[in-house]
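S.K.: Input structure: structure26.txt, which contains compact mmCIF, N, CA and C atoms.
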# COMPACT_ATOMS: atom_id res chain seq x y z
N MET N 1 -3.86 0.91 -17.27
CA MET N 1 -3.04 1.23 -16.13
C MET N 1 -1.62 0.73 -16.32
N LEU N 2 -1.43 -0.52 -16.74
CA LEU N 2 -0.09 -1.05 -16.86
C LEU N 2 0.73 -0.31 -17.90
N ASN N 3 0.10 0.22 -18.94
CA ASN N 3 0.85 0.98 -19.94
C ASN N 3 1.55 2.17 -19.30
N SER N 4 0.89 2.84 -18.38
CA SER N 4 1.51 3.99 -17.74
C SER N 4 2.66 3.56 -16.82
N LEU N 5 2.62 2.33 -16.34
CA LEU N 5 3.68 1.84 -15.46
C LEU N 5 4.91 1.42 -16.24
N LYS N 6 4.75 1.03 -17.49
CA LYS N 6 5.87 0.55 -18.28
C LYS N 6 6.91 1.64 -18.52
N THR N 7 6.52 2.90 -18.45
CA THR N 7 7.48 3.97 -18.68
C THR N 7 8.53 4.03 -17.58
N PHE N 8 8.23 3.48 -16.45
CA PHE N 8 9.18 3.43 -15.34
C PHE N 8 9.20 1.99 -14.88
N GLY N 9 9.87 1.13 -15.63
CA GLY N 9 9.84 -0.30 -15.44
C GLY N 9 10.40 -0.76 -14.10
N ARG N 10 10.19 -2.03 -13.82
CA ARG N 10 10.58 -2.63 -12.56
C ARG N 10 12.07 -2.44 -12.28
N ALA N 11 12.92 -2.71 -13.24
CA ALA N 11 14.36 -2.61 -13.01
C ALA N 11 14.77 -1.18 -12.65
N SER N 12 14.25 -0.20 -13.38
CA SER N 12 14.63 1.18 -13.07
C SER N 12 14.01 1.65 -11.77
N MET N 13 12.82 1.17 -11.43
CA MET N 13 12.20 1.54 -10.15
C MET N 13 13.03 0.97 -9.01
N ILE N 14 13.40 -0.30 -9.09
CA ILE N 14 14.18 -0.91 -8.02
C ILE N 14 15.56 -0.24 -7.91
N ALA N 15 16.19 0.06 -9.05
CA ALA N 15 17.48 0.74 -9.02
C ALA N 15 17.36 2.11 -8.38
N ALA N 16 16.33 2.85 -8.74
CA ALA N 16 16.14 4.18 -8.16
C ALA N 16 15.86 4.09 -6.67
N LEU N 17 15.08 3.10 -6.28
CA LEU N 17 14.77 2.95 -4.87
C LEU N 17 16.00 2.51 -4.08
N ALA N 18 16.76 1.60 -4.63
CA ALA N 18 17.93 1.08 -3.94
C ALA N 18 18.98 2.17 -3.70
N ALA N 19 19.03 3.15 -4.55
CA ALA N 19 20.02 4.22 -4.45
C ALA N 19 19.76 5.16 -3.28
N THR N 20 18.62 5.01 -2.61
CA THR N 20 18.27 5.95 -1.55
C THR N 20 18.85 5.59 -0.20
N GLY N 21 19.39 4.39 -0.05
CA GLY N 21 20.01 4.03 1.23
C GLY N 21 19.02 3.43 2.20
N THR N 22 19.52 3.09 3.39
CA THR N 22 18.68 2.46 4.40
C THR N 22 18.85 3.14 5.74
N THR N 23 17.87 2.93 6.60
CA THR N 23 17.96 3.44 7.96
C THR N 23 18.09 2.33 8.97
N GLY N 24 17.73 1.09 8.59
CA GLY N 24 17.81 -0.03 9.50
C GLY N 24 16.59 -0.19 10.39
N LEU N 25 15.66 0.75 10.41
CA LEU N 25 14.46 0.63 11.22
C LEU N 25 13.33 0.05 10.39
N ALA N 26 12.58 -0.86 10.96
CA ALA N 26 11.45 -1.44 10.24
C ALA N 26 10.19 -0.65 10.53
N HIS N 27 9.56 -0.87 11.66
CA HIS N 27 8.36 -0.11 11.99
C HIS N 27 8.22 0.10 13.49
N ALA N 28 9.31 -0.01 14.19
CA ALA N 28 9.29 0.13 15.64
C ALA N 28 8.77 1.51 16.04
N GLY N 29 7.76 1.50 16.89
CA GLY N 29 7.23 2.74 17.42
C GLY N 29 6.35 3.53 16.47
N GLN N 30 6.10 3.00 15.28
CA GLN N 30 5.26 3.70 14.33
C GLN N 30 3.85 3.09 14.32
N THR N 31 2.87 3.95 14.32
CA THR N 31 1.49 3.51 14.26
C THR N 31 0.96 3.68 12.85
N MET N 32 0.26 2.68 12.37
CA MET N 32 -0.39 2.74 11.07
C MET N 32 -1.83 3.21 11.28
N THR N 33 -2.21 4.28 10.62
CA THR N 33 -3.58 4.77 10.67
C THR N 33 -4.27 4.35 9.38
N VAL N 34 -5.38 3.63 9.51
CA VAL N 34 -6.09 3.11 8.35
C VAL N 34 -7.44 3.81 8.25
N HIS N 35 -7.64 4.49 7.13
CA HIS N 35 -8.93 5.13 6.83
C HIS N 35 -9.73 4.15 6.00
N LYS N 36 -10.99 3.89 6.43
CA LYS N 36 -11.79 2.88 5.76
C LYS N 36 -13.27 3.17 5.93
N SER N 37 -14.06 2.52 5.09
CA SER N 37 -15.50 2.58 5.23
C SER N 37 -15.90 1.75 6.45
N PRO N 38 -16.90 2.19 7.20
CA PRO N 38 -17.30 1.43 8.39
C PRO N 38 -17.91 0.07 8.07
N THR N 39 -18.29 -0.16 6.82
CA THR N 39 -18.98 -1.40 6.47
C THR N 39 -18.13 -2.37 5.64
N CYS N 40 -16.85 -2.09 5.47
CA CYS N 40 -16.02 -2.91 4.58
C CYS N 40 -15.33 -4.03 5.36
N GLY N 41 -15.76 -5.25 5.11
CA GLY N 41 -15.20 -6.42 5.79
C GLY N 41 -13.78 -6.73 5.37
N CYS N 42 -13.45 -6.51 4.10
CA CYS N 42 -12.08 -6.83 3.67
C CYS N 42 -11.08 -5.84 4.26
N CYS N 43 -11.50 -4.63 4.54
CA CYS N 43 -10.61 -3.67 5.22
C CYS N 43 -10.29 -4.17 6.63
N GLU N 44 -11.30 -4.67 7.32
CA GLU N 44 -11.10 -5.23 8.65
C GLU N 44 -10.16 -6.43 8.58
N ALA N 45 -10.34 -7.27 7.56
CA ALA N 45 -9.48 -8.45 7.40
C ALA N 45 -8.03 -8.02 7.15
N TRP N 46 -7.82 -6.96 6.32
CA TRP N 46 -6.46 -6.46 6.05
C TRP N 46 -5.84 -5.92 7.34
N ILE N 47 -6.62 -5.20 8.12
CA ILE N 47 -6.13 -4.68 9.40
C ILE N 47 -5.70 -5.84 10.29
N ASP N 48 -6.50 -6.90 10.34
CA ASP N 48 -6.13 -8.08 11.13
C ASP N 48 -4.78 -8.63 10.66
N ARG N 49 -4.56 -8.71 9.35
CA ARG N 49 -3.28 -9.22 8.82
C ARG N 49 -2.12 -8.31 9.23
N MET N 50 -2.35 -7.00 9.23
CA MET N 50 -1.29 -6.06 9.62
C MET N 50 -0.98 -6.21 11.11
N GLU N 51 -2.00 -6.35 11.93
CA GLU N 51 -1.77 -6.54 13.36
C GLU N 51 -1.06 -7.87 13.61
N ASP N 52 -1.46 -8.92 12.89
CA ASP N 52 -0.79 -10.22 13.02
C ASP N 52 0.69 -10.11 12.64
N ALA N 53 1.01 -9.18 11.73
CA ALA N 53 2.39 -8.97 11.28
C ALA N 53 3.17 -8.06 12.23
N GLY N 54 2.52 -7.58 13.28
CA GLY N 54 3.22 -6.78 14.28
C GLY N 54 3.02 -5.28 14.20
N PHE N 55 2.21 -4.81 13.27
CA PHE N 55 1.95 -3.37 13.17
C PHE N 55 0.93 -2.94 14.22
N ASP N 56 1.14 -1.76 14.80
CA ASP N 56 0.14 -1.13 15.66
C ASP N 56 -0.79 -0.37 14.73
N VAL N 57 -2.08 -0.69 14.77
CA VAL N 57 -3.03 -0.11 13.82
C VAL N 57 -4.13 0.65 14.55
N VAL N 58 -4.42 1.84 14.05
CA VAL N 58 -5.57 2.63 14.48
C VAL N 58 -6.49 2.73 13.27
N ALA N 59 -7.70 2.20 13.39
CA ALA N 59 -8.68 2.25 12.29
C ALA N 59 -9.56 3.48 12.46
N ARG N 60 -9.76 4.18 11.36
CA ARG N 60 -10.63 5.37 11.36
C ARG N 60 -11.72 5.17 10.32
N ASP N 61 -12.94 4.98 10.79
CA ASP N 61 -14.08 4.85 9.88
C ASP N 61 -14.46 6.21 9.33
N THR N 62 -14.75 6.24 8.03
CA THR N 62 -15.16 7.50 7.40
C THR N 62 -16.08 7.21 6.23
N GLN N 63 -16.94 8.15 5.96
CA GLN N 63 -17.80 8.09 4.77
C GLN N 63 -17.17 8.88 3.62
N PHE N 64 -15.99 9.44 3.84
CA PHE N 64 -15.38 10.35 2.88
C PHE N 64 -14.06 9.81 2.32
N MET N 65 -14.07 8.57 1.87
CA MET N 65 -12.85 7.94 1.37
C MET N 65 -12.26 8.67 0.16
N GLN N 66 -13.08 9.18 -0.72
CA GLN N 66 -12.55 9.88 -1.90
C GLN N 66 -11.76 11.12 -1.47
N SER N 67 -12.24 11.82 -0.46
CA SER N 67 -11.51 12.98 0.06
C SER N 67 -10.17 12.57 0.66
N ILE N 68 -10.15 11.46 1.39
CA ILE N 68 -8.91 10.95 1.98
C ILE N 68 -7.92 10.62 0.86
N LYS N 69 -8.39 9.95 -0.17
CA LYS N 69 -7.52 9.55 -1.29
C LYS N 69 -6.95 10.79 -2.00
N ARG N 70 -7.80 11.77 -2.25
CA ARG N 70 -7.32 13.02 -2.88
C ARG N 70 -6.28 13.70 -2.01
N GLU N 71 -6.55 13.78 -0.72
CA GLU N 71 -5.64 14.43 0.23
C GLU N 71 -4.25 13.77 0.22
N HIS N 72 -4.21 12.47 -0.02
CA HIS N 72 -2.95 11.73 0.03
C HIS N 72 -2.39 11.37 -1.35
N GLY N 73 -2.97 11.98 -2.40
CA GLY N 73 -2.41 11.83 -3.73
C GLY N 73 -2.62 10.47 -4.39
N ILE N 74 -3.71 9.80 -4.03
CA ILE N 74 -4.01 8.51 -4.65
C ILE N 74 -4.85 8.76 -5.90
N SER N 75 -4.28 8.44 -7.05
CA SER N 75 -5.02 8.61 -8.30
C SER N 75 -6.00 7.44 -8.47
N ARG N 76 -6.96 7.64 -9.31
CA ARG N 76 -8.00 6.64 -9.56
C ARG N 76 -7.40 5.30 -9.99
N GLN N 77 -6.32 5.33 -10.76
CA GLN N 77 -5.75 4.09 -11.27
C GLN N 77 -5.10 3.23 -10.18
N PHE N 78 -4.77 3.82 -9.04
CA PHE N 78 -4.16 3.08 -7.94
C PHE N 78 -5.12 2.82 -6.79
N ALA N 79 -6.34 3.28 -6.88
CA ALA N 79 -7.28 3.24 -5.76
C ALA N 79 -7.73 1.82 -5.41
N SER N 80 -8.01 1.68 -4.12
CA SER N 80 -8.58 0.45 -3.57
C SER N 80 -9.58 0.87 -2.51
N CYS N 81 -9.86 0.00 -1.57
CA CYS N 81 -10.93 0.29 -0.61
C CYS N 81 -10.48 1.05 0.64
N HIS N 82 -9.23 0.94 1.04
CA HIS N 82 -8.78 1.63 2.25
C HIS N 82 -7.43 2.31 1.99
N THR N 83 -7.15 3.32 2.79
CA THR N 83 -5.92 4.09 2.67
C THR N 83 -5.28 4.17 4.05
N ALA N 84 -4.02 3.73 4.13
CA ALA N 84 -3.30 3.75 5.40
C ALA N 84 -2.12 4.71 5.31
N ILE N 85 -1.72 5.21 6.46
CA ILE N 85 -0.57 6.11 6.57
C ILE N 85 0.34 5.53 7.66
N ILE N 86 1.62 5.41 7.32
CA ILE N 86 2.61 4.96 8.31
C ILE N 86 3.97 5.52 7.92
N GLY N 87 4.66 6.08 8.89
CA GLY N 87 6.01 6.58 8.66
C GLY N 87 6.10 7.61 7.54
N GLY N 88 5.03 8.37 7.33
CA GLY N 88 5.03 9.38 6.27
C GLY N 88 4.70 8.82 4.90
N TYR N 89 4.42 7.52 4.80
CA TYR N 89 4.07 6.88 3.53
C TYR N 89 2.58 6.59 3.47
N VAL N 90 2.07 6.56 2.24
CA VAL N 90 0.68 6.18 1.97
C VAL N 90 0.69 4.72 1.53
N ILE N 91 -0.18 3.92 2.12
CA ILE N 91 -0.33 2.52 1.75
C ILE N 91 -1.78 2.36 1.28
N GLU N 92 -1.95 2.13 -0.01
CA GLU N 92 -3.29 2.06 -0.60
C GLU N 92 -3.65 0.62 -0.91
N GLY N 93 -4.72 0.16 -0.29
CA GLY N 93 -5.25 -1.17 -0.60
C GLY N 93 -4.53 -2.30 0.10
N HIS N 94 -4.63 -3.47 -0.50
CA HIS N 94 -4.23 -4.73 0.13
C HIS N 94 -2.75 -5.06 -0.04
N VAL N 95 -1.90 -4.14 0.38
CA VAL N 95 -0.45 -4.30 0.28
C VAL N 95 0.00 -5.30 1.35
N PRO N 96 0.82 -6.30 0.98
CA PRO N 96 1.33 -7.24 1.97
C PRO N 96 2.26 -6.57 2.98
N ALA N 97 2.23 -7.06 4.22
CA ALA N 97 3.07 -6.52 5.30
C ALA N 97 4.55 -6.57 4.94
N LYS N 98 4.97 -7.61 4.25
CA LYS N 98 6.38 -7.75 3.86
C LYS N 98 6.86 -6.54 3.07
N GLU N 99 6.03 -6.05 2.16
CA GLU N 99 6.42 -4.91 1.31
C GLU N 99 6.41 -3.61 2.11
N ILE N 100 5.49 -3.49 3.06
CA ILE N 100 5.45 -2.30 3.91
C ILE N 100 6.71 -2.26 4.78
N ARG N 101 7.08 -3.40 5.34
CA ARG N 101 8.30 -3.46 6.15
C ARG N 101 9.52 -3.06 5.34
N LYS N 102 9.59 -3.57 4.09
CA LYS N 102 10.73 -3.23 3.23
C LYS N 102 10.77 -1.72 2.95
N LEU N 103 9.62 -1.14 2.68
CA LEU N 103 9.53 0.30 2.44
C LEU N 103 10.02 1.08 3.66
N LEU N 104 9.55 0.71 4.83
CA LEU N 104 9.93 1.42 6.05
C LEU N 104 11.41 1.21 6.39
N LYS N 105 11.90 0.02 6.17
CA LYS N 105 13.30 -0.26 6.48
C LYS N 105 14.25 0.54 5.61
N HIS N 106 13.96 0.60 4.31
CA HIS N 106 14.89 1.23 3.37
C HIS N 106 14.61 2.70 3.13
N GLN N 107 13.45 3.18 3.61
CA GLN N 107 13.10 4.60 3.46
C GLN N 107 13.21 5.08 2.01
N TYR N 108 12.64 4.31 1.10
CA TYR N 108 12.67 4.66 -0.32
C TYR N 108 12.02 6.02 -0.54
N LYS N 109 12.52 6.72 -1.53
CA LYS N 109 12.01 8.07 -1.83
C LYS N 109 10.79 7.98 -2.75
N VAL N 110 9.70 7.49 -2.19
CA VAL N 110 8.43 7.37 -2.89
C VAL N 110 7.35 7.91 -1.96
N ASN N 111 6.18 8.17 -2.52
CA ASN N 111 5.06 8.61 -1.69
C ASN N 111 4.44 7.43 -0.95
N GLY N 112 4.48 6.26 -1.61
CA GLY N 112 3.88 5.10 -0.97
C GLY N 112 3.77 3.91 -1.89
N LEU N 113 2.98 2.95 -1.43
CA LEU N 113 2.73 1.71 -2.17
C LEU N 113 1.23 1.53 -2.35
N ALA N 114 0.87 0.88 -3.45
CA ALA N 114 -0.54 0.61 -3.73
C ALA N 114 -0.72 -0.76 -4.36
N VAL N 115 -1.81 -1.40 -3.99
CA VAL N 115 -2.31 -2.56 -4.72
C VAL N 115 -3.68 -2.13 -5.24
N PRO N 116 -3.72 -1.75 -6.52
CA PRO N 116 -4.98 -1.28 -7.10
C PRO N 116 -6.06 -2.35 -7.08
N GLY N 117 -7.29 -1.92 -6.89
CA GLY N 117 -8.41 -2.85 -6.89
C GLY N 117 -8.40 -3.71 -5.64
N MET N 118 -8.95 -4.89 -5.78
CA MET N 118 -9.07 -5.81 -4.65
C MET N 118 -8.80 -7.23 -5.13
N PRO N 119 -7.53 -7.54 -5.47
CA PRO N 119 -7.24 -8.86 -6.04
C PRO N 119 -7.43 -10.00 -5.05
N ALA N 120 -8.07 -11.06 -5.52
CA ALA N 120 -8.27 -12.25 -4.70
C ALA N 120 -6.92 -12.83 -4.30
N GLY N 121 -6.82 -13.22 -3.04
CA GLY N 121 -5.59 -13.80 -2.54
C GLY N 121 -4.64 -12.81 -1.92
N SER N 122 -4.89 -11.52 -2.10
CA SER N 122 -4.06 -10.51 -1.43
C SER N 122 -4.48 -10.48 0.05
N PRO N 123 -3.65 -9.92 0.93
CA PRO N 123 -3.99 -9.90 2.35
C PRO N 123 -5.35 -9.23 2.61
N GLY N 124 -6.23 -9.96 3.27
CA GLY N 124 -7.57 -9.46 3.54
C GLY N 124 -8.58 -9.84 2.46
N MET N 125 -8.08 -10.34 1.34
CA MET N 125 -8.96 -10.74 0.22
C MET N 125 -8.81 -12.24 -0.07
N GLU N 126 -8.52 -13.02 0.96
CA GLU N 126 -8.37 -14.45 0.79
C GLU N 126 -9.70 -15.07 0.37
N MET N 127 -9.65 -15.93 -0.63
CA MET N 127 -10.85 -16.58 -1.17
C MET N 127 -10.54 -18.05 -1.44
N GLY N 128 -10.22 -18.78 -0.38
CA GLY N 128 -9.88 -20.19 -0.55
C GLY N 128 -8.62 -20.33 -1.38
N SER N 129 -8.69 -21.16 -2.41
CA SER N 129 -7.51 -21.41 -3.24
C SER N 129 -7.36 -20.40 -4.37
N ARG N 130 -8.35 -19.51 -4.56
CA ARG N 130 -8.26 -18.53 -5.65
C ARG N 130 -7.23 -17.46 -5.31
N LYS N 131 -6.27 -17.27 -6.22
CA LYS N 131 -5.25 -16.24 -6.04
C LYS N 131 -5.00 -15.57 -7.38
N ASP N 132 -5.40 -14.31 -7.47
CA ASP N 132 -5.11 -13.53 -8.67
C ASP N 132 -3.66 -13.04 -8.62
N SER N 133 -3.05 -12.91 -9.78
CA SER N 133 -1.75 -12.25 -9.85
C SER N 133 -1.97 -10.75 -9.66
N TYR N 134 -1.06 -10.11 -8.95
CA TYR N 134 -1.18 -8.66 -8.77
C TYR N 134 0.19 -8.06 -8.52
N ASN N 135 0.27 -6.76 -8.73
CA ASN N 135 1.50 -6.00 -8.49
C ASN N 135 1.30 -5.04 -7.33
N VAL N 136 2.37 -4.85 -6.59
CA VAL N 136 2.45 -3.77 -5.61
C VAL N 136 3.18 -2.64 -6.33
N ILE N 137 2.54 -1.49 -6.40
CA ILE N 137 3.06 -0.35 -7.15
C ILE N 137 3.67 0.66 -6.18
N ALA N 138 4.90 1.08 -6.46
CA ALA N 138 5.52 2.20 -5.73
C ALA N 138 5.25 3.44 -6.57
N PHE N 139 4.89 4.54 -5.92
CA PHE N 139 4.56 5.74 -6.68
C PHE N 139 5.10 7.00 -6.04
N THR N 140 5.37 7.97 -6.91
CA THR N 140 5.71 9.33 -6.50
C THR N 140 4.67 10.22 -7.16
N ASP N 141 4.86 11.52 -7.08
CA ASP N 141 3.95 12.44 -7.77
C ASP N 141 4.06 12.31 -9.28
N LYS N 142 5.22 11.86 -9.78
CA LYS N 142 5.46 11.86 -11.22
C LYS N 142 5.68 10.50 -11.82
N LYS N 143 6.02 9.49 -11.02
CA LYS N 143 6.35 8.18 -11.55
C LYS N 143 5.71 7.09 -10.74
N ALA N 144 5.58 5.93 -11.39
CA ALA N 144 5.09 4.74 -10.71
C ALA N 144 5.72 3.53 -11.36
N GLY N 145 5.91 2.52 -10.59
CA GLY N 145 6.49 1.29 -11.12
C GLY N 145 6.23 0.13 -10.20
N VAL N 146 6.48 -1.06 -10.70
CA VAL N 146 6.24 -2.28 -9.94
C VAL N 146 7.31 -2.42 -8.86
N PHE N 147 6.88 -2.53 -7.64
CA PHE N 147 7.74 -2.71 -6.47
C PHE N 147 7.89 -4.21 -6.16
N ALA N 148 6.79 -4.96 -6.33
CA ALA N 148 6.79 -6.40 -6.10
C ALA N 148 5.63 -7.01 -6.88
N SER N 149 5.76 -8.27 -7.21
CA SER N 149 4.69 -9.00 -7.92
C SER N 149 4.32 -10.25 -7.15
N TYR N 150 3.05 -10.52 -7.14
CA TYR N 150 2.52 -11.72 -6.47
C TYR N 150 1.67 -12.50 -7.44
Could you write out this structure as structure tokens?

M.R.:
Amino acid sequence: MLNSLKTFGRASMIAALAATGTTGLAHAGQTMTVHKSPTCGCCEAWIDRMEDAGFDVVARDTQFMQSIKREHGISRQFASCHTAIIGGYVIEGHVPAKEIRKLLKHQYKVNGLAVPGMPAGSPGMEMGSRKDSYNVIAFTDKKAGVFASY
């Protein structure tokens, strides 16, 4: 997965994103819709973190997560357990609220953000003192790159 990301490195991704300008709005009046399995506890925990961060969240339980991911252009390499939609962006997996706010504020020209897999220590995946390193990936239909690292 990381090999495919190196073609559009962090510096060029940030430069490309920064060139798009800002709107000044964070997430006021926008509702986040989260598609998730009805039995996934970490999805519920992530939703709790988003609500704690001030997002209005509507959770939608479904047995058809693969269809949701296909519909929103989430490739297998970026997939996680839940898929959220806010402000026209796709948020895949355990993306921190800080990065979602930045995306909404600056209105970057990307399809969305993803945290592939389920890294320990990411929002909703807290496991005591265990914290895996992970990247938040910004993606379009043709490119992907590191948006933030934790």

S.K.: Using only C-alpha atoms, which of N:Cys40, N:Met118, N:Ala45, N:Met32 sits nearest Leu104 of chain N?

M.R.: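 Nearest to Leu104 of chain N: N:Met32.
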
S.K.: For Ala97 of chain N, list every protein, DNA or RNA residue within 7 Å, evaluated using all atoms listed in the file, and leave out those in the same chain fewer than 6 positions away; present the list as an MDAnalysis selection string.

M.R.: chainID N and resid 49:50 53

S.K.: Got a sec to check which residues sit within 7 Å of (-11.4, 1.6, -1.0), counting only C-alpha atoms, and write them as a list in words?

M.R.: Lys36, Met65, Ala79, Ser80, Cys81, His82 and Gly93 of chain N

S.K.: Just the number, please: distance in Å from atom CA of Asp141 of chain N to atom CA of Arg101 of chain N, one decimal.

M.R.: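 These two atoms are separated by 21.6 Å.
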
S.K.: Here is a test: counting only N, CA and C atoms, which residue of N:Val95, N:Gln77, N:Thr62, N:Val146 is nearest to Pro123 of chain N?

M.R.: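 Of the candidates, the smallest distance to Pro123 of chain N is held by N:Val95.
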
S.K.: Rounded to one decimal place, report the atom N of Met125 of chain N-atom CA of Gly87 of chain N distance in Å.

M.R.: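 It comes out at 23.2 Å.
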
S.K.: Between N:Tyr89, N:Phe64, N:Trp46, N:Phe78, which one has atoms that come closest to Asn111 of chain N, using only C-alpha atoms?

M.R.: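 Among the listed residues, N:Tyr89 lies closest to Asn111 of chain N.
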
S.K.: Could you find all residues in segment 52-134 of chain N that DSSP calls helix (DSSP H, G or I) from the backbone, and write them as a list in words?

M.R.: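 Filtering segment 52-134 of chain N down to helix (DSSP H, G or I) leaves Asp52, Met65, Gln66, Ser67, Ile68, Lys69, Arg70, Glu71, Arg76, Gln77, Phe78, Ala97, Lys98, Glu99, Ile100, Arg101, Lys102, Leu103, Leu104, Lys105 and His106 of chain N.
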
S.K.: Using only N, CA and C atoms, find the one residue out of N:Val57, N:Ile68, N:Ile85, N:Ile137 that sits nearest to Pro116 of chain N.

M.R.: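 Nearest candidate to Pro116 of chain N out of N:Val57, N:Ile68, N:Ile85, N:Ile137: N:Ile137.
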
S.K.: Using only C-alpha atoms, find the one residue out of N:Asp48, N:Glu92, N:Glu126, N:Asp56 that sits nearest to His35 of chain N.

M.R.: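 Distance minimum relative to His35 of chain N lands on N:Glu92.
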
S.K.: Taking 2 positions as the minimum chain separation for residues in the same chain, which residues sit within 7 Å of Ala148 of chain N when counting only C-alpha atoms? Answer as an MDAnalysis selection string.

M.R.: chainID N and resid 135:136 146 150

S.K.: Could you tell me, as a tab-separated table (two decimals) with N, CA and C atoms, keeping the file's coordinate frame, which residues of chain N DSSP assigns to strand (DSSP E) when given the backbone?

M.R.:
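What ended up in part25.tsv:
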chain	number	residue	atom	x	y	z
N	31	THR	N	2.87	3.95	14.32
N	31	THR	CA	1.49	3.51	14.26
N	31	THR	C	0.96	3.68	12.85
N	32	MET	N	0.26	2.68	12.37
N	32	MET	CA	-0.39	2.74	11.07
N	32	MET	C	-1.83	3.21	11.28
N	33	THR	N	-2.21	4.28	10.62
N	33	THR	CA	-3.58	4.77	10.67
N	33	THR	C	-4.27	4.35	9.38
N	34	VAL	N	-5.38	3.63	9.51
N	34	VAL	CA	-6.09	3.11	8.35
N	34	VAL	C	-7.44	3.81	8.25
N	35	HIS	N	-7.64	4.49	7.13
N	35	HIS	CA	-8.93	5.13	6.83
N	35	HIS	C	-9.73	4.15	6.00
N	36	LYS	N	-10.99	3.89	6.43
N	36	LYS	CA	-11.79	2.88	5.76
N	36	LYS	C	-13.27	3.17	5.93
N	56	ASP	N	1.14	-1.76	14.80
N	56	ASP	CA	0.14	-1.13	15.66
N	56	ASP	C	-0.79	-0.37	14.73
N	57	VAL	N	-2.08	-0.69	14.77
N	57	VAL	CA	-3.03	-0.11	13.82
N	57	VAL	C	-4.13	0.65	14.55
N	58	VAL	N	-4.42	1.84	14.05
N	58	VAL	CA	-5.57	2.63	14.48
N	58	VAL	C	-6.49	2.73	13.27
N	59	ALA	N	-7.70	2.20	13.39
N	59	ALA	CA	-8.68	2.25	12.29
N	59	ALA	C	-9.56	3.48	12.46
N	60	ARG	N	-9.76	4.18	11.36
N	60	ARG	CA	-10.63	5.37	11.36
N	60	ARG	C	-11.72	5.17	10.32
N	61	ASP	N	-12.94	4.98	10.79
N	61	ASP	CA	-14.08	4.85	9.88
N	61	ASP	C	-14.46	6.21	9.33
N	83	THR	N	-7.15	3.32	2.79
N	83	THR	CA	-5.92	4.09	2.67
N	83	THR	C	-5.28	4.17	4.05
N	84	ALA	N	-4.02	3.73	4.13
N	84	ALA	CA	-3.30	3.75	5.40
N	84	ALA	C	-2.12	4.71	5.31
N	85	ILE	N	-1.72	5.21	6.46
N	85	ILE	CA	-0.57	6.11	6.57
N	85	ILE	C	0.34	5.53	7.66
N	86	ILE	N	1.62	5.41	7.32
N	86	ILE	CA	2.61	4.96	8.31
N	86	ILE	C	3.97	5.52	7.92
N	89	TYR	N	4.42	7.52	4.80
N	89	TYR	CA	4.07	6.88	3.53
N	89	TYR	C	2.58	6.59	3.47
N	90	VAL	N	2.07	6.56	2.24
N	90	VAL	CA	0.68	6.18	1.97
N	90	VAL	C	0.69	4.72	1.53
N	91	ILE	N	-0.18	3.92	2.12
N	91	ILE	CA	-0.33	2.52	1.75
N	91	ILE	C	-1.78	2.36	1.28
N	92	GLU	N	-1.95	2.13	-0.01
N	92	GLU	CA	-3.29	2.06	-0.60
N	92	GLU	C	-3.65	0.62	-0.91
N	93	GLY	N	-4.72	0.16	-0.29
N	93	GLY	CA	-5.25	-1.17	-0.60
N	93	GLY	C	-4.53	-2.30	0.10
N	112	GLY	N	4.48	6.26	-1.61
N	112	GLY	CA	3.88	5.10	-0.97
N	112	GLY	C	3.77	3.91	-1.89
N	113	LEU	N	2.98	2.95	-1.43
N	113	LEU	CA	2.73	1.71	-2.17
N	113	LEU	C	1.23	1.53	-2.35
N	114	ALA	N	0.87	0.88	-3.45
N	114	ALA	CA	-0.54	0.61	-3.73
N	114	ALA	C	-0.72	-0.76	-4.36
N	115	VAL	N	-1.81	-1.40	-3.99
N	115	VAL	CA	-2.31	-2.56	-4.72
N	115	VAL	C	-3.68	-2.13	-5.24
N	135	ASN	N	0.27	-6.76	-8.73
N	135	ASN	CA	1.50	-6.00	-8.49
N	135	ASN	C	1.30	-5.04	-7.33
N	136	VAL	N	2.37	-4.85	-6.59
N	136	VAL	CA	2.45	-3.77	-5.61
N	136	VAL	C	3.18	-2.64	-6.33
N	137	ILE	N	2.54	-1.49	-6.40
N	137	ILE	CA	3.06	-0.35	-7.15
N	137	ILE	C	3.67	0.66	-6.18
N	138	ALA	N	4.90	1.08	-6.46
N	138	ALA	CA	5.52	2.20	-5.73
N	138	ALA	C	5.25	3.44	-6.57
N	139	PHE	N	4.89	4.54	-5.92
N	139	PHE	CA	4.56	5.74	-6.68
N	139	PHE	C	5.10	7.00	-6.04
N	144	ALA	N	5.58	5.93	-11.39
N	144	ALA	CA	5.09	4.74	-10.71
N	144	ALA	C	5.72	3.53	-11.36
N	145	GLY	N	5.91	2.52	-10.59
N	145	GLY	CA	6.49	1.29	-11.12
N	145	GLY	C	6.23	0.13	-10.20
N	146	VAL	N	6.48	-1.06	-10.70
N	146	VAL	CA	6.24	-2.28	-9.94
N	146	VAL	C	7.31	-2.42	-8.86
N	147	PHE	N	6.88	-2.53	-7.64
N	147	PHE	CA	7.74	-2.71	-6.47
N	147	PHE	C	7.89	-4.21	-6.16
N	148	ALA	N	6.79	-4.96	-6.33
N	148	ALA	CA	6.79	-6.40	-6.10
N	148	ALA	C	5.63	-7.01	-6.88
N	149	SER	N	5.76	-8.27	-7.21
N	149	SER	CA	4.69	-9.00	-7.92
N	149	SER	C	4.32	-10.25	-7.15

S.K.: Which residue is closest to Gly117 of chain N? Choose from N:Ser67, N:Ser133, N:Ser37, N:Gln30 and count only C-alpha atoms.

M.R.: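 Checking each candidate against Gly117 of chain N, we get N:Ser133 as the closest.
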